[in-house]
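*Asks:* Next comes the structure file model_18.cif, holding mmCIF, C-alpha atoms.
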data_upload
#
loop_
_atom_site.group_PDB
_atom_site.id
_atom_site.type_symbol
_atom_site.label_atom_id
_atom_site.label_comp_id
_atom_site.auth_asym_id
_atom_site.auth_seq_id
_atom_site.Cartn_x
_atom_site.Cartn_y
_atom_site.Cartn_z
ATOM 1 C CA MET P 298 -48.977 -108.537 66.397
ATOM 2 C CA GLY P 299 -48.027 -105.831 63.914
ATOM 3 C CA ASN P 300 -47.760 -102.166 64.720
ATOM 4 C CA ARG P 301 -50.852 -100.196 65.601
ATOM 5 C CA LEU P 302 -52.056 -97.871 62.876
ATOM 6 C CA THR P 303 -50.873 -94.320 63.303
ATOM 7 C CA GLN P 304 -51.251 -93.399 59.650
ATOM 8 C CA ILE P 305 -54.149 -94.654 57.530
ATOM 9 C CA ALA P 306 -53.023 -93.670 54.012
ATOM 10 C CA THR P 307 -49.599 -95.337 53.836
ATOM 11 C CA ARG P 308 -49.672 -95.941 50.062
ATOM 12 C CA THR P 309 -47.862 -99.257 50.627
ATOM 13 C CA GLY P 310 -50.841 -101.103 49.120
ATOM 14 C CA ASP P 311 -50.824 -99.175 45.864
ATOM 15 C CA ASN P 312 -49.018 -102.081 44.193
ATOM 16 C CA GLY P 313 -51.805 -104.568 45.007
ATOM 17 C CA THR P 314 -50.262 -106.020 48.156
ATOM 18 C CA THR P 315 -51.096 -105.666 51.827
ATOM 19 C CA GLY P 316 -49.211 -106.346 55.015
ATOM 20 C CA LEU P 317 -50.187 -109.144 57.354
ATOM 21 C CA GLY P 318 -49.786 -108.911 61.117
ATOM 22 C CA ASN P 319 -46.402 -110.613 60.870
ATOM 23 C CA ASN P 320 -45.183 -107.898 58.419
ATOM 24 C CA GLN P 321 -45.335 -110.312 55.456
ATOM 25 C CA ARG P 322 -46.605 -108.698 52.223
ATOM 26 C CA VAL P 323 -49.220 -110.674 50.263
ATOM 27 C CA SER P 324 -51.492 -110.040 47.299
ATOM 28 C CA LYS P 325 -54.745 -108.319 48.170
ATOM 29 C CA ASN P 326 -56.343 -111.156 46.196
ATOM 30 C CA SER P 327 -54.918 -113.939 48.401
ATOM 31 C CA LEU P 328 -57.271 -116.385 50.089
ATOM 32 C CA ARG P 329 -56.110 -115.120 53.476
ATOM 33 C CA VAL P 330 -56.955 -111.518 52.641
ATOM 34 C CA HIS P 331 -60.337 -112.613 51.248
ATOM 35 C CA ALA P 332 -61.106 -114.417 54.525
ATOM 36 C CA MET P 333 -60.025 -111.383 56.547
ATOM 37 C CA GLY P 334 -62.230 -109.145 54.414
ATOM 38 C CA GLU P 335 -65.281 -111.379 54.791
ATOM 39 C CA VAL P 336 -64.870 -111.372 58.582
ATOM 40 C CA ASP P 337 -64.463 -107.586 58.549
ATOM 41 C CA GLU P 338 -67.621 -107.189 56.457
ATOM 42 C CA LEU P 339 -69.517 -109.475 58.834
ATOM 43 C CA ASN P 340 -68.394 -107.406 61.804
ATOM 44 C CA SER P 341 -69.548 -104.234 60.024
ATOM 45 C CA HIS P 342 -72.977 -105.744 59.331
ATOM 46 C CA ILE P 343 -73.300 -106.717 62.983
ATOM 47 C CA GLY P 344 -72.439 -103.123 63.880
ATOM 48 C CA LEU P 345 -75.303 -102.010 61.648
ATOM 49 C CA LEU P 346 -77.632 -104.543 63.284
ATOM 50 C CA LEU P 347 -76.703 -103.090 66.680
ATOM 51 C CA CYS P 348 -78.276 -99.778 65.555
ATOM 52 C CA GLU P 349 -81.676 -101.495 65.785
ATOM 53 C CA ASP P 350 -83.919 -101.837 68.832
ATOM 54 C CA MET P 351 -83.414 -105.229 70.495
ATOM 55 C CA PRO P 352 -83.510 -106.959 73.867
ATOM 56 C CA GLN P 353 -80.471 -106.145 76.030
ATOM 57 C CA GLY P 354 -79.443 -109.822 76.180
ATOM 58 C CA VAL P 355 -79.289 -110.019 72.362
ATOM 59 C CA ARG P 356 -77.329 -106.754 72.290
ATOM 60 C CA ASP P 357 -74.827 -108.119 74.822
ATOM 61 C CA VAL P 358 -74.321 -111.277 72.746
ATOM 62 C CA LEU P 359 -73.752 -109.270 69.558
ATOM 63 C CA VAL P 360 -71.261 -106.890 71.192
ATOM 64 C CA GLU P 361 -69.261 -109.894 72.393
ATOM 65 C CA VAL P 362 -69.466 -111.382 68.887
ATOM 66 C CA GLN P 363 -67.951 -108.191 67.484
ATOM 67 C CA HIS P 364 -64.984 -108.543 69.841
ATOM 68 C CA GLN P 365 -64.547 -112.205 68.920
ATOM 69 C CA LEU P 366 -64.721 -111.397 65.201
ATOM 70 C CA PHE P 367 -61.951 -108.857 65.738
ATOM 71 C CA ASN P 368 -59.942 -111.657 67.390
ATOM 72 C CA LEU P 369 -60.719 -113.874 64.403
ATOM 73 C CA GLY P 370 -59.554 -111.202 61.966
ATOM 74 C CA GLY P 371 -56.353 -110.810 63.954
ATOM 75 C CA GLU P 372 -55.785 -114.549 63.915
ATOM 76 C CA LEU P 373 -56.278 -114.686 60.159
ATOM 77 C CA SER P 374 -53.841 -111.811 59.717
ATOM 78 C CA ILE P 375 -50.999 -113.709 61.409
ATOM 79 C CA PRO P 376 -50.378 -117.173 59.924
ATOM 80 C CA GLY P 377 -49.965 -119.786 62.658
ATOM 81 C CA PHE P 378 -51.281 -117.521 65.438
ATOM 82 C CA GLU P 379 -54.285 -118.236 67.681
ATOM 83 C CA LEU P 380 -56.483 -115.464 69.080
ATOM 84 C CA LEU P 381 -59.982 -116.957 68.844
ATOM 85 C CA LYS P 382 -60.377 -119.494 71.644
ATOM 86 C CA ASN P 383 -62.720 -122.482 71.788
ATOM 87 C CA GLU P 384 -64.550 -120.774 74.658
ATOM 88 C CA ALA P 385 -65.965 -118.357 72.080
ATOM 89 C CA VAL P 386 -67.607 -121.285 70.253
ATOM 90 C CA VAL P 387 -68.956 -122.596 73.569
ATOM 91 C CA ALA P 388 -70.465 -119.156 74.273
ATOM 92 C CA LEU P 389 -72.226 -119.205 70.884
ATOM 93 C CA ASP P 390 -73.573 -122.692 71.625
ATOM 94 C CA ALA P 391 -74.973 -121.409 74.934
ATOM 95 C CA ALA P 392 -76.601 -118.390 73.248
ATOM 96 C CA LEU P 393 -78.050 -120.666 70.561
ATOM 97 C CA ALA P 394 -79.579 -122.951 73.179
ATOM 98 C CA THR P 395 -80.988 -120.031 75.179
ATOM 99 C CA TYR P 396 -82.630 -118.201 72.297
ATOM 100 C CA ASN P 397 -83.721 -121.245 70.272
ATOM 101 C CA GLU P 398 -85.501 -122.655 73.325
ATOM 102 C CA GLN P 399 -87.788 -119.597 73.348
ATOM 103 C CA LEU P 400 -88.930 -120.097 69.741
ATOM 104 C CA PRO P 401 -91.674 -122.296 68.328
ATOM 105 C CA LYS P 402 -90.487 -125.281 66.341
ATOM 106 C CA LEU P 403 -90.037 -124.536 62.640
ATOM 107 C CA GLU P 404 -92.339 -126.526 60.395
ATOM 108 C CA GLU P 405 -91.971 -124.390 57.262
ATOM 109 C CA PHE P 406 -89.141 -122.592 55.527
ATOM 110 C CA ILE P 407 -88.933 -118.910 56.347
ATOM 111 C CA LEU P 408 -87.902 -115.995 54.183
ATOM 112 C CA PRO P 409 -85.130 -113.586 55.197
ATOM 113 C CA ALA P 410 -87.668 -110.876 55.956
ATOM 114 C CA GLY P 411 -89.849 -109.309 58.598
ATOM 115 C CA THR P 412 -88.627 -106.417 60.684
ATOM 116 C CA ARG P 413 -85.607 -104.391 59.660
ATOM 117 C CA GLY P 414 -83.614 -105.855 62.574
ATOM 118 C CA ALA P 415 -84.545 -109.416 61.631
ATOM 119 C CA SER P 416 -83.723 -108.778 57.979
ATOM 120 C CA GLN P 417 -80.322 -107.353 58.953
ATOM 121 C CA ALA P 418 -79.711 -110.429 61.124
ATOM 122 C CA HIS P 419 -80.361 -112.551 58.018
ATOM 123 C CA VAL P 420 -77.800 -110.472 56.104
ATOM 124 C CA CYS P 421 -75.343 -111.204 58.927
ATOM 125 C CA ARG P 422 -76.219 -114.902 58.639
ATOM 126 C CA THR P 423 -75.425 -115.011 54.928
ATOM 127 C CA VAL P 424 -72.215 -113.009 55.302
ATOM 128 C CA ALA P 425 -71.158 -115.371 58.114
ATOM 129 C CA ARG P 426 -71.660 -118.307 55.735
ATOM 130 C CA ARG P 427 -69.558 -116.537 53.094
ATOM 131 C CA ALA P 428 -66.840 -115.859 55.672
ATOM 132 C CA GLU P 429 -66.973 -119.522 56.662
ATOM 133 C CA ARG P 430 -66.541 -120.584 53.019
ATOM 134 C CA ALA P 431 -63.571 -118.221 52.716
ATOM 135 C CA CYS P 432 -61.962 -119.805 55.787
ATOM 136 C CA VAL P 433 -62.593 -123.291 54.389
ATOM 137 C CA ALA P 434 -60.956 -122.261 51.080
ATOM 138 C CA LEU P 435 -57.989 -120.827 52.982
ATOM 139 C CA GLY P 436 -57.748 -123.986 55.097
ATOM 140 C CA ASN P 437 -57.609 -126.076 51.924
ATOM 141 C CA GLU P 438 -54.448 -124.192 50.877
ATOM 142 C CA GLU P 439 -52.793 -123.233 54.172
ATOM 143 C CA ALA P 440 -52.858 -124.508 57.733
ATOM 144 C CA ILE P 441 -55.364 -122.624 59.887
ATOM 145 C CA ASN P 442 -56.932 -123.465 63.220
ATOM 146 C CA GLU P 443 -60.332 -125.181 63.366
ATOM 147 C CA THR P 444 -61.913 -122.665 65.734
ATOM 148 C CA PRO P 445 -62.454 -119.893 63.131
ATOM 149 C CA ARG P 446 -64.451 -122.201 60.867
ATOM 150 C CA GLN P 447 -66.451 -123.590 63.798
ATOM 151 C CA TYR P 448 -67.136 -120.115 65.155
ATOM 152 C CA LEU P 449 -68.439 -118.818 61.839
ATOM 153 C CA ASN P 450 -70.599 -121.898 61.326
ATOM 154 C CA ARG P 451 -72.165 -121.515 64.764
ATOM 155 C CA LEU P 452 -72.502 -117.745 64.355
ATOM 156 C CA SER P 453 -74.511 -118.202 61.163
ATOM 157 C CA ASP P 454 -76.875 -120.508 63.041
ATOM 158 C CA LEU P 455 -77.158 -117.984 65.865
ATOM 159 C CA MET P 456 -77.954 -115.157 63.453
ATOM 160 C CA PHE P 457 -80.819 -117.243 62.010
ATOM 161 C CA VAL P 458 -82.199 -117.781 65.494
ATOM 162 C CA LEU P 459 -81.749 -114.119 66.452
ATOM 163 C CA ALA P 460 -83.589 -113.056 63.288
ATOM 164 C CA ARG P 461 -86.542 -115.112 64.510
ATOM 165 C CA VAL P 462 -86.245 -113.559 67.981
ATOM 166 C CA LEU P 463 -86.168 -110.050 66.513
ATOM 167 C CA ASN P 464 -89.227 -110.760 64.348
ATOM 168 C CA ARG P 465 -91.158 -111.697 67.491
ATOM 169 C CA MET P 466 -89.949 -108.784 69.595
ATOM 170 C CA ASN P 467 -93.146 -106.724 69.225
ATOM 171 C CA GLY P 468 -95.622 -109.510 68.622
ATOM 172 C CA GLY P 469 -94.532 -110.288 65.057
ATOM 173 C CA ASP P 470 -93.750 -113.629 63.475
ATOM 174 C CA ASP P 471 -91.552 -115.228 60.853
ATOM 175 C CA VAL P 472 -92.326 -114.660 57.184
ATOM 176 C CA TYR P 473 -93.126 -118.084 55.784
ATOM 177 C CA TRP P 474 -92.261 -119.266 52.281
ATOM 178 C CA LYS P 475 -95.332 -119.939 50.158
ATOM 179 C CA SER P 476 -94.227 -122.769 47.947
ATOM 180 C CA ALA P 477 -96.489 -123.411 44.973
ATOM 181 C CA ARG P 478 -95.505 -127.069 45.051
ATOM 182 C CA MET P 479 -96.295 -127.420 48.749
ATOM 183 C CA ASN P 480 -99.635 -125.609 48.389
ATOM 184 C CA LYS P 481 -100.982 -127.913 45.677
ATOM 185 C CA ASP P 482 -103.707 -130.358 46.623
ATOM 186 C CA PRO P 483 -102.112 -133.810 46.467
ATOM 187 C CA LYS P 484 -105.464 -135.438 45.586
ATOM 188 C CA PRO P 485 -106.146 -135.941 41.880
ATOM 189 C CA ALA P 486 -109.178 -134.049 40.540
#
Hey, can you dump this file as structure tokens for me?

*Replies:*
Amino acid sequence: MGNRLTQIATRTGDNGTTGLGNNQRVSKNSLRVHAMGEVDELNSHIGLLLCEDMPQGVRDVLVEVQHQLFNLGGELSIPGFELLKNEAVVALDAALATYNEQLPKLEEFILPAGTRGASQAHVCRTVARRAERACVALGNEEAINETPRQYLNRLSDLMFVLARVLNRMNGGDDVYWKSARMNKDPKPA
């Protein structure tokens, strides 16, 4: 992996390029750099979510996710390298099963709303989907491992479930979509 940062303002990116972990210089507009940026933004949003009140088990899951997203960013920064292991996807699957089991079955669409924590979890969900799309776009142009895409896909699902958990934390509920079409009486007048 590249050198640790000892100086933040290096001015080497003033020409529109950035250095990857293998010391290769690429355009700041490359698909790889876009994917790295989306993962970084996701990690930052999860950090913001961690400022909210939540059950300790959810907090523990999210802290581990932050570490795994840092691994993912490192993997994306070094073409051909693997840092994010399949075990991280398995851990997300286990968290999904644990927290989804506690929730009532969804019968309606829900809005990305409710408590501030739940709403922030929905922001994390949508940024995870964007990061996933960026990894898919990168994978269409360059060889990347499958685990990053799988991890982001599963993480988006987990963030949806955790938003529902956070909405229920103090006796709340999901915010259901009120569809005009679904609310119409199907019987002719």

*Asks:* Which residues would end up in the selection if the PyMOL selection byres ((chain P and resi 414) around 8) were applied here, given that I need the answer as a VMD selection string?

*Replies:* chain P and resid 346 349 to 351 412 to 413 415 to 418 460 463 to 464

*Asks:* So, with only C-alpha atoms as the atoms that count, which of P:Gly411, P:Val420, P:Glu438, P:Gly313 lies closest to P:Tyr473?

*Replies:*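 Ranked by minimum distance to P:Tyr473, first place goes to P:Gly411.
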
*Asks:* Once 6 Å is added on each side, what centre and edge lengths in Å to one decimal does the axis-aligned box around all listed atoms of stretch 400-404 of chain P have, as AutoDock Vina command-line options?

*Replies:*
--center_x -90.6 --center_y -123.3 --center_z 65.1 --size_x 15.4 --size_y 18.4 --size_z 21.3

*Asks:* Find the distance between atom CA of P:Phe457 and atom CA of P:Arg422 and write it in Å to one decimal.

*Replies:*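 Computing it gives 6.2 Å between the two atoms.
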
*Asks:* Could you list, as a ChimeraX atom specification, every residue matched by the PyMOL selection byres ((chain P and resi 441-444) around 10) in this structure?

*Replies:* /P:329,369,372-373,376-386,432-433,435-440,445-450

*Asks:* What lies within 10 Å of P:Ala425 using only C-alpha atoms, ignoring chain neighbours under 2 positions off, as a list of chain:residue names?

*Replies:*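 Surrounding residues, per the criterion: P:Glu335, P:Val336, P:Glu338, P:Leu339, P:Asn340, P:His342, P:His419, P:Val420, P:Cys421, P:Arg422, P:Thr423, P:Arg427, P:Ala428, P:Glu429, P:Arg430, P:Ala431, P:Arg446, P:Tyr448, P:Leu449, P:Asn450, P:Arg451, P:Leu452, P:Ser453, P:Asp454, P:Met456.
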
*Asks:* Find the residue from P:Pro352, P:Phe367, P:Val362, P:Leu403 that sits nearest to P:Asn467; use only C-alpha atoms when measuring.

*Replies:*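 Using only C-alpha atoms, the shortest distance to P:Asn467 belongs to P:Pro352.
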